[in-house]
>>> print(open('start.cif').read())   # mmCIF, C-alpha atoms
data_target
loop_
_atom_site.label_atom_id
_atom_site.label_comp_id
_atom_site.auth_asym_id
_atom_site.auth_seq_id
_atom_site.Cartn_x
_atom_site.Cartn_y
_atom_site.Cartn_z
CA MET K 1 61.95 4.46 5.83
CA THR K 2 60.51 3.76 9.23
CA ASP K 3 57.96 1.29 8.07
CA GLU K 4 59.32 -1.91 9.59
CA ARG K 5 58.81 -0.60 13.09
CA GLN K 6 55.50 0.91 12.29
CA ASN K 7 52.40 -0.77 13.65
CA TRP K 8 49.68 -1.10 11.08
CA THR K 9 46.08 -1.18 12.08
CA MET K 10 44.79 -3.00 9.06
CA ALA K 11 46.05 -5.29 6.33
CA ILE K 12 44.31 -6.09 3.08
CA SER K 13 45.45 -9.06 1.06
CA SER K 14 44.15 -11.75 -1.19
CA ARG K 15 44.93 -14.49 1.25
CA ARG K 16 41.96 -16.03 2.93
CA GLY K 17 41.70 -18.62 5.61
CA TRP K 18 39.08 -21.29 5.92
CA LEU K 19 37.21 -20.19 8.97
CA ASP K 20 38.79 -16.97 10.18
CA ILE K 21 35.64 -15.16 11.17
CA ASP K 22 36.71 -11.99 12.90
CA LEU K 23 34.48 -12.10 15.98
CA LYS K 24 36.21 -9.12 17.57
CA GLU K 25 35.42 -6.99 14.57
CA LEU K 26 31.84 -8.22 14.59
CA TRP K 27 31.58 -7.21 18.22
CA ARG K 28 32.89 -3.75 17.43
CA TYR K 29 30.09 -3.40 14.91
CA ARG K 30 27.38 -4.50 17.38
CA ASP K 31 25.83 -1.05 17.18
CA LEU K 32 25.37 -1.51 13.47
CA ILE K 33 23.66 -4.86 14.03
CA LEU K 34 21.27 -3.27 16.50
CA LEU K 35 20.56 -0.39 14.14
CA PHE K 36 19.86 -2.82 11.30
CA VAL K 37 17.48 -4.70 13.59
CA ARG K 38 15.76 -1.45 14.48
CA ARG K 39 15.57 -0.42 10.85
CA ASP K 40 14.13 -3.75 9.72
CA PHE K 41 11.69 -3.98 12.59
CA VAL K 42 10.43 -0.42 12.20
CA THR K 43 10.16 -0.44 8.43
CA VAL K 44 8.52 -3.81 7.78
CA TYR K 45 5.00 -2.69 8.43
CA LYS K 46 5.30 0.95 7.43
CA GLN K 47 2.64 1.84 4.89
CA THR K 48 0.39 -0.98 5.95
CA ILE K 49 -3.03 -0.42 7.42
CA LEU K 50 -2.90 -3.11 10.08
CA GLY K 51 0.75 -2.48 10.94
CA PRO K 52 2.08 -4.64 13.77
CA MET K 53 -1.24 -6.49 13.87
CA TRP K 54 0.20 -8.63 11.10
CA PHE K 55 2.53 -10.24 13.61
CA LEU K 56 -0.53 -11.61 15.40
CA LEU K 57 -2.83 -12.28 12.47
CA GLN K 58 -0.41 -14.44 10.55
CA PRO K 59 -0.12 -17.37 13.02
CA LEU K 60 -3.79 -17.07 13.97
CA PHE K 61 -5.02 -17.46 10.42
CA SER K 62 -2.55 -20.21 9.60
CA THR K 63 -3.76 -22.11 12.64
CA LEU K 64 -7.37 -21.60 11.64
CA VAL K 65 -6.77 -22.83 8.10
CA PHE K 66 -4.71 -25.82 9.24
CA THR K 67 -7.36 -26.77 11.79
CA VAL K 68 -10.09 -26.70 9.18
CA VAL K 69 -8.17 -28.31 6.31
CA PHE K 70 -5.91 -30.84 7.99
CA GLY K 71 -7.85 -31.37 11.19
CA ARG K 72 -11.50 -31.30 10.20
CA ILE K 73 -11.45 -32.24 6.53
CA ALA K 74 -8.42 -34.51 6.18
CA LYS K 75 -8.81 -35.74 9.77
CA ILE K 76 -5.09 -36.19 10.36
CA PRO K 77 -4.57 -37.35 13.96
CA THR K 78 -2.84 -35.01 16.38
CA ASP K 79 -1.60 -37.38 19.09
CA GLY K 80 -4.78 -36.66 21.02
CA LEU K 81 -3.95 -32.99 21.45
CA PRO K 82 -6.37 -30.09 20.85
CA GLN K 83 -5.95 -29.32 17.15
CA PRO K 84 -5.41 -25.54 17.37
CA LEU K 85 -2.61 -25.99 19.90
CA PHE K 86 -1.08 -28.86 17.94
CA TYR K 87 -0.83 -26.74 14.79
CA MET K 88 -0.02 -23.41 16.39
CA SER K 89 2.94 -24.72 18.39
CA ALA K 90 4.54 -25.98 15.20
CA ILE K 91 3.55 -22.99 13.06
CA VAL K 92 5.10 -20.47 15.43
CA ALA K 93 8.38 -22.38 15.58
CA TRP K 94 8.46 -23.17 11.89
CA ASN K 95 7.72 -19.56 10.95
CA TYR K 96 10.76 -18.43 12.87
CA PHE K 97 13.01 -20.86 11.05
CA ALA K 98 11.46 -20.20 7.66
CA ALA K 99 11.66 -16.42 8.09
CA CYS K 100 15.32 -16.65 9.11
CA LEU K 101 16.08 -18.77 6.08
CA THR K 102 14.24 -16.75 3.45
CA SER K 103 15.27 -13.32 4.64
CA THR K 104 18.91 -14.31 5.15
CA SER K 105 19.02 -15.95 1.76
CA ASN K 106 18.58 -12.72 -0.18
CA SER K 107 20.44 -10.47 2.25
CA LEU K 108 23.61 -10.20 0.15
CA ALA K 109 21.87 -9.42 -3.13
CA ALA K 110 19.37 -7.06 -1.48
CA ASN K 111 22.07 -4.95 0.15
CA ALA K 112 24.43 -4.88 -2.82
CA GLY K 113 23.88 -1.12 -3.00
CA ILE K 114 25.56 -0.43 0.34
CA PHE K 115 28.04 -3.28 0.03
CA GLY K 116 29.36 -1.74 -3.16
CA LYS K 117 30.12 1.58 -1.50
CA VAL K 118 31.59 0.89 1.87
CA TYR K 119 33.12 -1.85 3.94
CA PHE K 120 31.58 -3.25 7.07
CA PRO K 121 31.57 -6.87 8.19
CA ARG K 122 29.16 -8.53 5.80
CA LEU K 123 28.00 -10.97 8.42
CA THR K 124 26.28 -8.12 10.29
CA VAL K 125 23.40 -8.21 7.81
CA PRO K 126 22.41 -11.89 8.13
CA LEU K 127 22.92 -11.69 11.89
CA SER K 128 20.64 -8.69 12.23
CA VAL K 129 18.02 -10.47 10.14
CA VAL K 130 18.00 -13.40 12.54
CA ILE K 131 17.64 -11.07 15.54
CA THR K 132 14.78 -9.19 13.88
CA ASN K 133 13.00 -12.47 13.26
CA LEU K 134 13.60 -13.47 16.85
CA LEU K 135 11.62 -10.40 17.95
CA THR K 136 8.76 -11.40 15.66
CA PHE K 137 8.96 -14.93 17.03
CA ILE K 138 8.72 -13.70 20.60
CA ILE K 139 5.51 -11.81 19.82
CA GLN K 140 3.97 -14.82 18.08
CA PHE K 141 5.19 -17.08 20.85
CA GLY K 142 3.31 -14.85 23.28
CA VAL K 143 0.12 -15.46 21.29
CA PHE K 144 0.76 -19.18 21.50
CA LEU K 145 1.26 -18.98 25.27
CA CYS K 146 -2.08 -17.19 25.62
CA PHE K 147 -3.77 -19.99 23.71
CA LEU K 148 -1.94 -22.56 25.79
CA LEU K 149 -3.14 -20.95 29.00
CA PHE K 150 -6.69 -20.72 27.70
CA PHE K 151 -6.82 -24.42 26.81
CA TYR K 152 -5.05 -25.38 30.01
CA LEU K 153 -7.59 -23.56 32.17
CA ARG K 154 -10.41 -25.21 30.27
CA GLY K 155 -8.90 -28.53 31.27
CA ALA K 156 -7.58 -29.79 27.94
CA ALA K 157 -5.35 -32.86 28.03
CA ILE K 158 -2.01 -31.08 27.80
CA LYS K 159 0.95 -31.61 30.05
CA PRO K 160 3.65 -28.92 29.89
CA ASN K 161 6.79 -30.52 31.31
CA ALA K 162 10.45 -30.05 32.16
CA PHE K 163 11.45 -30.12 28.50
CA ILE K 164 10.46 -26.46 28.45
CA LEU K 165 13.93 -25.82 29.84
CA PHE K 166 15.28 -26.94 26.45
CA VAL K 167 13.16 -24.45 24.54
CA PRO K 168 15.70 -21.58 24.56
CA LEU K 169 18.22 -24.02 23.12
CA LEU K 170 15.75 -25.10 20.45
CA ILE K 171 15.13 -21.46 19.53
CA LEU K 172 18.86 -20.87 19.28
CA GLN K 173 19.25 -23.96 17.14
CA MET K 174 16.48 -22.87 14.79
CA GLY K 175 18.11 -19.46 14.45
CA VAL K 176 21.49 -21.00 13.71
CA LEU K 177 19.98 -23.44 11.26
CA GLY K 178 18.04 -20.74 9.45
CA LEU K 179 21.13 -18.54 9.38
CA GLY K 180 23.28 -21.40 8.11
CA PHE K 181 21.00 -22.41 5.27
CA GLY K 182 20.22 -18.79 4.45
CA VAL K 183 23.88 -17.78 4.31
CA LEU K 184 24.62 -20.85 2.20
CA VAL K 185 21.94 -19.83 -0.29
CA SER K 186 22.86 -16.15 -0.26
CA SER K 187 26.52 -17.00 -0.96
CA LEU K 188 25.40 -19.02 -3.95
CA THR K 189 22.83 -16.49 -5.17
CA THR K 190 25.57 -13.95 -5.77
CA LYS K 191 26.31 -16.13 -8.78
CA TYR K 192 23.20 -18.17 -9.37
CA ARG K 193 19.98 -16.24 -9.19
CA ASP K 194 17.92 -19.40 -9.69
CA LEU K 195 18.16 -20.20 -6.04
CA THR K 196 16.09 -17.16 -5.09
CA PHE K 197 13.09 -18.77 -6.72
CA GLY K 198 14.01 -22.13 -5.32
CA VAL K 199 14.06 -20.91 -1.74
CA ALA K 200 10.43 -19.80 -1.43
CA PHE K 201 9.28 -22.98 -3.09
CA GLY K 202 11.73 -25.18 -1.21
CA VAL K 203 10.71 -23.83 2.19
CA GLN K 204 7.10 -24.59 1.36
CA LEU K 205 7.88 -28.18 0.46
CA TRP K 206 10.21 -28.53 3.41
CA MET K 207 7.33 -27.64 5.70
CA TYR K 208 5.47 -30.76 4.60
CA ALA K 209 8.56 -32.87 5.22
CA THR K 210 8.48 -31.66 8.82
CA PRO K 211 5.93 -32.93 11.34
CA ILE K 212 3.82 -29.78 11.42
CA VAL K 213 0.47 -30.85 10.05
CA TYR K 214 0.98 -34.44 11.23
CA PRO K 215 2.70 -35.96 14.27
CA MET K 216 5.93 -37.93 13.98
CA SER K 217 4.07 -40.93 15.40
CA GLN K 218 2.20 -41.25 12.10
CA ILE K 219 5.43 -42.11 10.32
CA PRO K 220 6.13 -45.87 10.15
CA GLU K 221 8.89 -46.84 12.57
CA ARG K 222 11.32 -47.94 9.86
CA TRP K 223 11.13 -44.64 8.00
CA GLN K 224 11.56 -42.41 11.02
CA TRP K 225 15.35 -42.26 10.66
CA LEU K 226 14.83 -40.69 7.25
CA PHE K 227 12.66 -37.99 8.75
CA ALA K 228 15.17 -37.43 11.52
CA LEU K 229 17.73 -36.41 8.90
CA ASN K 230 15.62 -33.30 8.48
CA PRO K 231 16.99 -31.23 11.37
CA MET K 232 13.72 -29.37 11.81
CA ALA K 233 11.72 -32.56 12.47
CA ALA K 234 13.26 -33.23 15.87
CA ILE K 235 13.15 -29.56 16.83
CA ILE K 236 9.44 -29.27 16.12
CA GLU K 237 8.65 -32.56 17.87
CA VAL K 238 10.56 -31.60 21.01
CA PHE K 239 9.16 -28.07 20.97
CA ARG K 240 5.65 -29.47 20.80
CA TYR K 241 6.36 -32.13 23.39
CA ALA K 242 7.70 -29.57 25.87
CA PHE K 243 4.48 -27.56 25.91
CA LEU K 244 1.83 -30.15 25.15
CA GLY K 245 3.29 -33.36 26.54
CA ALA K 246 2.60 -35.67 23.63
CA GLY K 247 4.80 -36.73 20.77
CA SER K 248 7.54 -39.16 19.97
CA ALA K 249 10.74 -37.18 20.31
CA LYS K 250 13.78 -39.41 20.54
CA PRO K 251 17.11 -38.22 21.99
CA LEU K 252 18.89 -39.76 19.02
CA HIS K 253 16.87 -37.62 16.62
CA LEU K 254 17.76 -34.48 18.53
CA VAL K 255 21.45 -35.40 18.46
CA MET K 256 21.25 -35.98 14.70
CA SER K 257 19.54 -32.65 14.29
CA LEU K 258 22.27 -30.92 16.31
CA GLY K 259 24.92 -32.61 14.17
CA VAL K 260 23.31 -31.42 10.95
CA THR K 261 23.01 -27.90 12.38
CA VAL K 262 26.71 -27.72 13.21
CA VAL K 263 27.74 -29.07 9.81
CA VAL K 264 25.49 -26.58 8.01
CA LEU K 265 26.78 -23.67 10.07
CA VAL K 266 30.45 -24.51 9.47
CA LEU K 267 29.91 -25.08 5.76
CA SER K 268 28.00 -21.85 5.36
CA LEU K 269 30.64 -19.81 7.20
CA ILE K 270 33.42 -21.29 5.06
CA LEU K 271 31.54 -20.51 1.88
CA PHE K 272 30.57 -17.07 3.10
CA ARG K 273 34.21 -16.24 3.84
CA ARG K 274 35.17 -17.25 0.33
CA VAL K 275 32.40 -15.25 -1.28
CA GLU K 276 32.30 -12.11 0.85
CA LYS K 277 35.60 -10.68 -0.35
CA THR K 278 34.88 -10.66 -4.03
CA PHE K 279 31.14 -11.09 -4.51
CA MET K 280 30.81 -7.45 -5.47
CA ASP K 281 32.63 -8.30 -8.70
CA THR K 282 30.04 -10.82 -9.80
CA ILE K 283 26.77 -9.61 -8.35
CA MET H 1 59.28 12.43 8.84
CA GLY H 2 55.63 11.52 9.08
CA GLN H 3 54.60 7.95 9.50
CA LEU H 4 53.11 6.04 6.63
CA ALA H 5 49.34 5.92 6.45
CA ILE H 6 49.00 3.61 3.47
CA LYS H 7 51.48 1.20 1.96
CA ILE H 8 50.48 -0.62 -1.19
CA GLU H 9 52.75 -3.45 -2.28
CA ASP H 10 52.53 -5.10 -5.72
CA VAL H 11 48.77 -5.09 -5.84
CA SER H 12 47.09 -6.65 -8.84
CA LYS H 13 43.45 -7.09 -9.58
CA GLU H 14 42.32 -9.43 -12.25
CA TYR H 15 38.87 -9.57 -13.74
CA ARG H 16 37.52 -12.21 -16.03
CA LEU H 17 36.08 -10.70 -19.13
CA GLY H 18 32.86 -11.70 -20.75
CA ILE H 19 30.72 -14.27 -19.11
CA ILE H 20 31.53 -14.71 -15.45
CA GLY H 21 28.98 -17.34 -15.02
CA HIS H 22 25.75 -17.63 -16.88
CA GLY H 23 23.92 -16.47 -13.82
CA MET H 24 21.96 -19.64 -13.95
CA LEU H 25 23.00 -22.90 -12.43
CA TYR H 26 21.71 -25.13 -15.17
CA ARG H 27 23.68 -23.29 -17.86
CA ASP H 28 26.88 -23.58 -15.86
CA LEU H 29 26.21 -27.28 -15.48
CA GLN H 30 25.48 -27.53 -19.20
CA SER H 31 28.80 -25.86 -20.08
CA TRP H 32 30.62 -28.02 -17.60
CA TRP H 33 29.06 -31.20 -18.98
CA ALA H 34 30.02 -30.18 -22.52
CA ARG H 35 33.60 -29.56 -21.40
CA VAL H 36 33.74 -32.94 -19.68
CA ARG H 37 32.66 -34.68 -22.89
CA GLY H 38 35.06 -32.57 -24.93
CA GLU H 39 32.28 -31.02 -26.95
CA GLU H 40 31.77 -27.42 -27.86
CA ASP H 41 30.28 -25.28 -25.12
CA PRO H 42 26.66 -24.68 -26.13
CA ASN H 43 26.70 -21.39 -24.24
CA ALA H 44 29.92 -20.05 -25.71
CA MET H 45 29.69 -17.02 -27.95
CA VAL H 46 29.44 -17.86 -31.62
CA GLY H 47 32.85 -17.84 -33.29
CA SER H 48 34.92 -17.89 -30.15
CA GLN H 49 37.33 -20.78 -30.58
CA GLN H 50 39.49 -20.92 -27.52
CA PRO H 51 38.05 -22.44 -24.42
CA ALA H 52 37.61 -20.18 -21.47
CA GLY H 53 40.10 -21.19 -18.86
CA PRO H 54 42.87 -19.96 -16.65
CA THR H 55 45.24 -19.83 -19.61
CA GLY H 56 42.88 -18.20 -22.07
CA ASN H 57 43.29 -14.47 -22.61
CA ASP H 58 39.82 -13.72 -21.38
CA ARG H 59 41.34 -12.14 -18.31
CA PHE H 60 41.93 -8.50 -17.78
CA LEU H 61 44.37 -6.97 -15.35
CA ALA H 62 42.75 -3.83 -14.00
CA LEU H 63 45.73 -3.26 -11.72
CA ASN H 64 49.15 -4.66 -12.52
CA ASP H 65 51.67 -4.65 -9.66
CA VAL H 66 50.77 -1.29 -8.21
CA SER H 67 52.97 -0.09 -5.38
CA MET H 68 52.82 3.22 -3.59
CA GLU H 69 53.03 4.82 -0.21
CA VAL H 70 51.05 7.63 1.35
CA LYS H 71 52.41 9.45 4.36
CA GLN H 72 50.31 10.73 7.19
CA GLY H 73 48.99 14.16 6.39
CA ASP H 74 49.47 13.82 2.65
CA THR H 75 46.73 14.72 0.25
CA VAL H 76 46.91 12.49 -2.77
CA GLY H 77 44.95 12.52 -5.98
CA ILE H 78 44.82 9.69 -8.43
CA ILE H 79 44.63 10.78 -12.04
CA GLY H 80 44.19 8.57 -15.05
CA ARG H 81 42.20 7.89 -18.19
CA ASN H 82 39.00 5.93 -18.31
CA GLY H 83 39.69 2.36 -17.36
CA ALA H 84 43.06 3.12 -15.87
CA GLY H 85 42.07 1.43 -12.63
CA LYS H 86 41.48 4.42 -10.35
CA SER H 87 38.19 3.17 -9.03
CA THR H 88 39.46 -0.38 -8.74
CA LEU H 89 42.31 0.81 -6.55
CA LEU H 90 39.93 2.79 -4.37
CA LYS H 91 37.53 -0.13 -4.14
CA ILE H 92 40.33 -2.33 -2.90
CA LEU H 93 41.46 0.34 -0.46
CA SER H 94 37.98 0.63 0.96
CA ARG H 95 37.71 -3.18 1.14
CA VAL H 96 34.70 -3.41 -1.10
CA THR H 97 36.52 -6.06 -3.08
CA ALA H 98 39.73 -7.98 -2.45
CA PRO H 99 42.92 -7.79 -4.54
CA THR H 100 43.95 -10.81 -6.59
CA ARG H 101 47.56 -10.48 -5.50
CA GLY H 102 49.56 -8.19 -3.30
CA MET H 103 49.21 -6.60 0.06
CA ILE H 104 47.98 -3.30 1.43
CA ARG H 105 48.67 -2.07 4.92
CA LEU H 106 46.84 0.79 6.49
CA ASN H 107 47.27 2.81 9.61
CA GLY H 108 44.07 4.50 10.64
CA ARG H 109 40.54 4.27 9.41
CA VAL H 110 39.08 4.31 5.95
CA ALA H 111 36.02 6.46 5.49
CA SER H 112 34.60 6.15 2.03
CA LEU H 113 32.87 9.30 0.92
CA LEU H 114 29.41 8.02 0.23
CA GLU H 115 27.10 9.44 -2.32
CA VAL H 116 24.21 11.35 -0.87
CA GLY H 117 21.51 8.83 -0.17
CA THR H 118 23.58 5.66 0.07
CA GLY H 119 21.99 3.51 2.72
CA PHE H 120 19.41 6.16 3.45
CA HIS H 121 16.01 5.00 4.54
CA LEU H 122 13.03 7.21 4.02
CA GLU H 123 11.08 5.43 6.72
CA LEU H 124 13.61 6.39 9.38
CA THR H 125 14.00 9.81 10.90
CA GLY H 126 16.97 12.00 10.06
CA ARG H 127 18.63 11.30 13.38
CA GLU H 128 18.19 7.55 12.98
CA ASN H 129 19.72 7.77 9.52
CA VAL H 130 22.71 9.63 10.93
CA PHE H 131 23.32 6.87 13.44
CA LEU H 132 22.84 4.16 10.84
CA ASN H 133 25.34 5.74 8.48
CA GLY H 134 27.75 6.39 11.33
CA ALA H 135 27.55 2.76 12.35
CA ILE H 136 28.10 1.62 8.75
CA LEU H 137 31.31 3.64 8.73
CA GLY H 138 32.33 1.88 11.92
CA MET H 139 31.60 4.53 14.51
CA ASN H 140 30.24 3.40 17.82
CA ARG H 141 27.40 5.16 19.46
CA HIS H 142 29.53 6.30 22.33
CA LYS H 143 29.55 9.71 23.89
CA SER H 144 31.83 11.61 21.54
CA PHE H 145 29.54 10.76 18.64
CA TYR H 146 26.48 11.97 20.54
CA ASN H 147 28.23 15.13 21.71
CA ARG H 148 29.41 16.06 18.27
CA LEU H 149 26.00 15.35 16.82
CA SER H 150 24.22 17.59 19.29
CA LYS H 151 26.75 20.31 18.51
CA LEU H 152 26.03 19.95 14.79
CA ILE H 153 22.30 19.81 15.11
CA THR H 154 20.87 22.97 16.53
CA LYS H 155 17.30 22.50 17.45
#
>>> encode(input="start.cif", output="structure tokens")
Amino acid sequence: MTDERQNWTMAISSRRGWLDIDLKELWRYRDLILLFVRRDFVTVYKQTILGPMWFLLQPLFSTLVFTVVFGRIAKIPTDGLPQPLFYMSAIVAWNYFAACLTSTSNSLAANAGIFGKVYFPRLTVPLSVVITNLLTFIIQFGVFLCFLLFFYLRGAAIKPNAFILFVPLLILQMGVLGLGFGVLVSSLTTKYRDLTFGVAFGVQLWMYATPIVYPMSQIPERWQWLFALNPMAAIIEVFRYAFLGAGSAKPLHLVMSLGVTVVVLVLSLILFRRVEKTFMDTI
Amino acid sequence: MGQLAIKIEDVSKEYRLGIIGHGMLYRDLQSWWARVRGEEDPNAMVGSQQPAGPTGNDRFLALNDVSMEVKQGDTVGIIGRNGAGKSTLLKILSRVTAPTRGMIRLNGRVASLLEVGTGFHLELTGRENVFLNGAILGMNRHKSFYNRLSKLITK
């Protein structure tokens, strides 16, 4: 036989490493990721009357409700910022993170039909979900910028500052964080379906643990470290500070948030690697 | 002599029979807690005495040390009774699931023959669906794909 000198293009075995994500393979499948993005983006609002208008309506109405409920009725302070801007800045950012998390978290179970028929890198699906949500975020972010400009021209007390340069990093971090938590959940949901219910509920509660309807400055000094453990807290505070110029973002909190993000990402990739090879047997 | 296209060495695939998990976290925790205290598993099937574990015979070998070679250009059929493991072997070959033991080496590309409609999206156009399915099978959208497509589709 000639097989010892033969060069094989592919090997399948039961062995698995801890973190051997095949980035080259993922890159070869970049077309698939883009097509998934296109598919998801095009099909979301098919068979709806308002169609893409939903992208705009959703943050607008949330802002309106928050302004009335938390601003006017509950009278929660907003660091002296105009209430609509205070809420909208956080809503737009939070929505991106929350959408990444929830849609990634059921990506394995939802695509079991294709996964069971053919091989392609499983990570393409969660990745495409994050990119799709990024597009949505950019649209909603545009709405926010329009509001920002409107208030700015009317002379509201807002001071956009150099922290804006950090915003792309914050967006990346939110994407990674959403992907990490989502992949973690989706790896576990292949076995435990409970978590699917937990996610929607959990994200809702998590929102109130994040300074979205209240500023970080309302938290007593000695409890702030606890809030900083929530990686989204620092992100939202810095995001808001960059555009509006008020808030109490501390560098330490941002570092903690980055640390948590990295840990979550590594953990999720390890778990995903373990699950992806055999999850079709248990799903 | 043609080169080898597929070489399968001592491949086994083991499935656990019966309850894989209870599908719910709290039941798994309940069973685990019962095992820790040495009590009977409240979720075990009535009458089953032996504990489920790596040594229990609740495991089923769908493939047991399968070895074979396929040369380039060969056409091979796999024949067997129900439950013989034909589909399991093909699933492992197409990397839908991983083997429990053993090693498979391939030279070339695997293209699973998909059922009509797998991964088809009614909201997309026919052309978009072609590209999506092509990409799922690992084809890039480079020129040869486009050229062949325009040859196949006559407007």
>>> closest_residue(input="start.cif", among="K:Leu153, K:Leu56, K:Leu226, K:Val199", to="Ser186 in chain K", atoms="all atoms listed in the file")
K:Val199
>>> interface_residues(input="start.cif", of="chain K", to="chain H", cutoff="8 Å", atoms="all atoms listed in the file", output="ChimeraX atom specification")
/K:2-3,6-14,28-29,31-32,35-36,39,43,46,113-120,191-194,277-282
>>> closest_residue(input="start.cif", among="K:Met88, K:Leu23, K:Val129, K:Ile76", to="Val176 in chain K", atoms="only C-alpha atoms")
K:Val129
>>> closest_residue(input="start.cif", among="K:Pro84, K:Gly202, K:Pro77, K:Gly182", to="Pro59 in chain K", atoms="all atoms listed in the file")
K:Pro84
>>> residues_near_point(input="start.cif", point="(9.6, -31.1, 32.3)", cutoff="12 Å", atoms="all atoms listed in the file", output="ChimeraX atom specification")
/K:159-167,238-239,241-245
>>> residues_around(input="start.cif", residues="Gly85 in chain H", least_positions_apart="6", cutoff="10 Å", atoms="all atoms listed in the file", output="list in words")
Lys13, Leu61, Ala62, Leu63, Asn64, Ile78, Ile79 and Lys91 of chain H
>>> residues_around(input="start.cif", residues="range 249-262 of chain K", least_positions_apart="2", cutoff="6 Å", atoms="all atoms listed in the file", output="list in words")
Leu177, Ala228, Pro231, Ala234, Glu237, Val238, Gly247, Val264 and Leu265 of chain K
>>> write_last_selection(input="start.cif", atoms="C-alpha atoms", output="mmCIF file, in the coordinates of the input")
data_model
loop_
_atom_site.group_PDB
_atom_site.id
_atom_site.type_symbol
_atom_site.label_atom_id
_atom_site.label_comp_id
_atom_site.auth_asym_id
_atom_site.auth_seq_id
_atom_site.Cartn_x
_atom_site.Cartn_y
_atom_site.Cartn_z
ATOM 1 C CA LEU K 177 19.980 -23.440 11.260
ATOM 2 C CA ALA K 228 15.170 -37.430 11.520
ATOM 3 C CA PRO K 231 16.990 -31.230 11.370
ATOM 4 C CA ALA K 234 13.260 -33.230 15.870
ATOM 5 C CA GLU K 237 8.650 -32.560 17.870
ATOM 6 C CA VAL K 238 10.560 -31.600 21.010
ATOM 7 C CA GLY K 247 4.800 -36.730 20.770
ATOM 8 C CA VAL K 264 25.490 -26.580 8.010
ATOM 9 C CA LEU K 265 26.780 -23.670 10.070
#
>>> residues_around(input="start.cif", residues="Leu60 in chain K", least_positions_apart="6", cutoff="12 Å", atoms="all atoms listed in the file", output="list in words")
Met53, Trp54, Phe66, Thr67, Pro84, Leu85, Tyr87, Met88, Ser89, Ile91, Val92, Gln140, Phe141, Gly142, Val143, Phe144, Cys146 and Phe147 of chain K
>>> write_last_selection(input="start.cif", atoms="C-alpha atoms", output="short mmCIF file (atom, residue, chain, number, x, y, z; two decimals), keeping the file's coordinate frame")
data_model
loop_
_atom_site.label_atom_id
_atom_site.label_comp_id
_atom_site.auth_asym_id
_atom_site.auth_seq_id
_atom_site.Cartn_x
_atom_site.Cartn_y
_atom_site.Cartn_z
CA MET K 53 -1.24 -6.49 13.87
CA TRP K 54 0.20 -8.63 11.10
CA PHE K 66 -4.71 -25.82 9.24
CA THR K 67 -7.36 -26.77 11.79
CA PRO K 84 -5.41 -25.54 17.37
CA LEU K 85 -2.61 -25.99 19.90
CA TYR K 87 -0.83 -26.74 14.79
CA MET K 88 -0.02 -23.41 16.39
CA SER K 89 2.94 -24.72 18.39
CA ILE K 91 3.55 -22.99 13.06
CA VAL K 92 5.10 -20.47 15.43
CA GLN K 140 3.97 -14.82 18.08
CA PHE K 141 5.19 -17.08 20.85
CA GLY K 142 3.31 -14.85 23.28
CA VAL K 143 0.12 -15.46 21.29
CA PHE K 144 0.76 -19.18 21.50
CA CYS K 146 -2.08 -17.19 25.62
CA PHE K 147 -3.77 -19.99 23.71
#
>>> residues_around(input="start.cif", residues="Leu26 in chain K", least_positions_apart="6", cutoff="8 Å", atoms="only C-alpha atoms", output="short mmCIF file (atom, residue, chain, number, x, y, z; two decimals) with C-alpha atoms, in the frame of the given file")
data_model
loop_
_atom_site.label_atom_id
_atom_site.label_comp_id
_atom_site.auth_asym_id
_atom_site.auth_seq_id
_atom_site.Cartn_x
_atom_site.Cartn_y
_atom_site.Cartn_z
CA PRO K 121 31.57 -6.87 8.19
CA LEU K 123 28.00 -10.97 8.42
CA THR K 124 26.28 -8.12 10.29
#
>>> atom_distance(input="start.cif", atom1="CA of Ser103 in chain K", atom2="CA of Asn133 in chain K")
9.0 Å
>>> atom_distance(input="start.cif", atom1="CA of Asp10 in chain H", atom2="CA of Ala84 in chain H")
16.1 Å
>>> atom_distance(input="start.cif", atom1="CA of Ala74 in chain K", atom2="CA of Val213 in chain K")
10.4 Å
